[in-house]
Amino acid sequence: MAVNYICRHCRSTVGSINSSSVTEQQLGFHFLTPEERSDIIAYNPNGDVTVSVVCDYCNEALEANPELVLISNPLQ
């Protein structure tokens with residue numbers, strides 16, 4: 001099982017964990033509400049997990065230009 005972290009805005013790969021022994025507890029997924037889980041985590045048919053996060057570049061751009069939050073895909 002691989003856990004892939006992808007930026008929700010620019011779709012760049014932030015990182016990945018390739019380990020079958022990592023648990024959802026270790027990743028901190030148990031702290032998320034059901035709504036957050038469905039918004040952030042996608043379980044792929046091949047057993048991999050995709051986690052939507054915000055990369056440093058997009059985070060800085062959004063902090064400098066908060067109005068970009070109003071656009072559906074501000075940093076494509």
# chains A, B, ... in the order shown; residues from 1 in each chain; ligands from 1
$ residues_around --residues "region 56-62 of chain A" --least-positions-apart "6" --cutoff "8 Å" --atoms "only C-alpha atoms" --output "number ranges by chain"
A: 9-10, 68-69, 75
$ write_last_selection --atoms "C-alpha atoms" --output "short mmCIF file (atom, residue, chain, number, x, y, z; two decimals), in the first residue's frame"
data_model
loop_
_atom_site.label_atom_id
_atom_site.label_comp_id
_atom_site.auth_asym_id
_atom_site.auth_seq_id
_atom_site.Cartn_x
_atom_site.Cartn_y
_atom_site.Cartn_z
CA HIS A 9 -4.61 23.02 -6.09
CA CYS A 10 -1.70 22.40 -8.48
CA LEU A 68 -7.88 33.17 -4.72
CA VAL A 69 -9.86 31.00 -2.30
CA LEU A 75 -3.51 27.63 -9.00
#
$ residues_around --residues "Ser16 (chain A)" --least-positions-apart "4" --cutoff "8 Å" --atoms "only C-alpha atoms" --output "JSON, numbers by chain"
{"A": [2, 3, 4, 5]}
$ write_last_selection --atoms "N, CA and C atoms" --output "JSON list (two decimals), in the first residue's frame"
[["chain", "number", "residue", "atom", "x", "y", "z"],
["A", 2, "ALA", "N", 0.54, 2.20, -0.84],
["A", 2, "ALA", "CA", 1.25, 3.47, -0.89],
["A", 2, "ALA", "C", 0.28, 4.58, -0.47],
["A", 3, "VAL", "N", 0.81, 5.54, 0.25],
["A", 3, "VAL", "CA", 0.04, 6.73, 0.61],
["A", 3, "VAL", "C", 0.67, 7.88, -0.15],
["A", 4, "ASN", "N", -0.08, 8.45, -1.08],
["A", 4, "ASN", "CA", 0.43, 9.52, -1.94],
["A", 4, "ASN", "C", -0.20, 10.84, -1.52],
["A", 5, "TYR", "N", 0.64, 11.83, -1.27],
["A", 5, "TYR", "CA", 0.19, 13.17, -0.90],
["A", 5, "TYR", "C", 0.28, 14.06, -2.13]]
$ closest_residue --among "A:Met1, A:Ile41, A:Ile6, A:Leu27" --to "Val54 (chain A)" --atoms "only C-alpha atoms"
A:Ile6
$ closest_residue --among "A:Val49, A:Ile40, A:Cys7, A:Leu70" --to "Thr23 (chain A)" --atoms "only C-alpha atoms"
A:Val49
$ closest_residue --among "A:Tyr43, A:Val22, A:Phe29, A:Cys55" --to "Arg8 (chain A)" --atoms "only C-alpha atoms"
A:Cys55
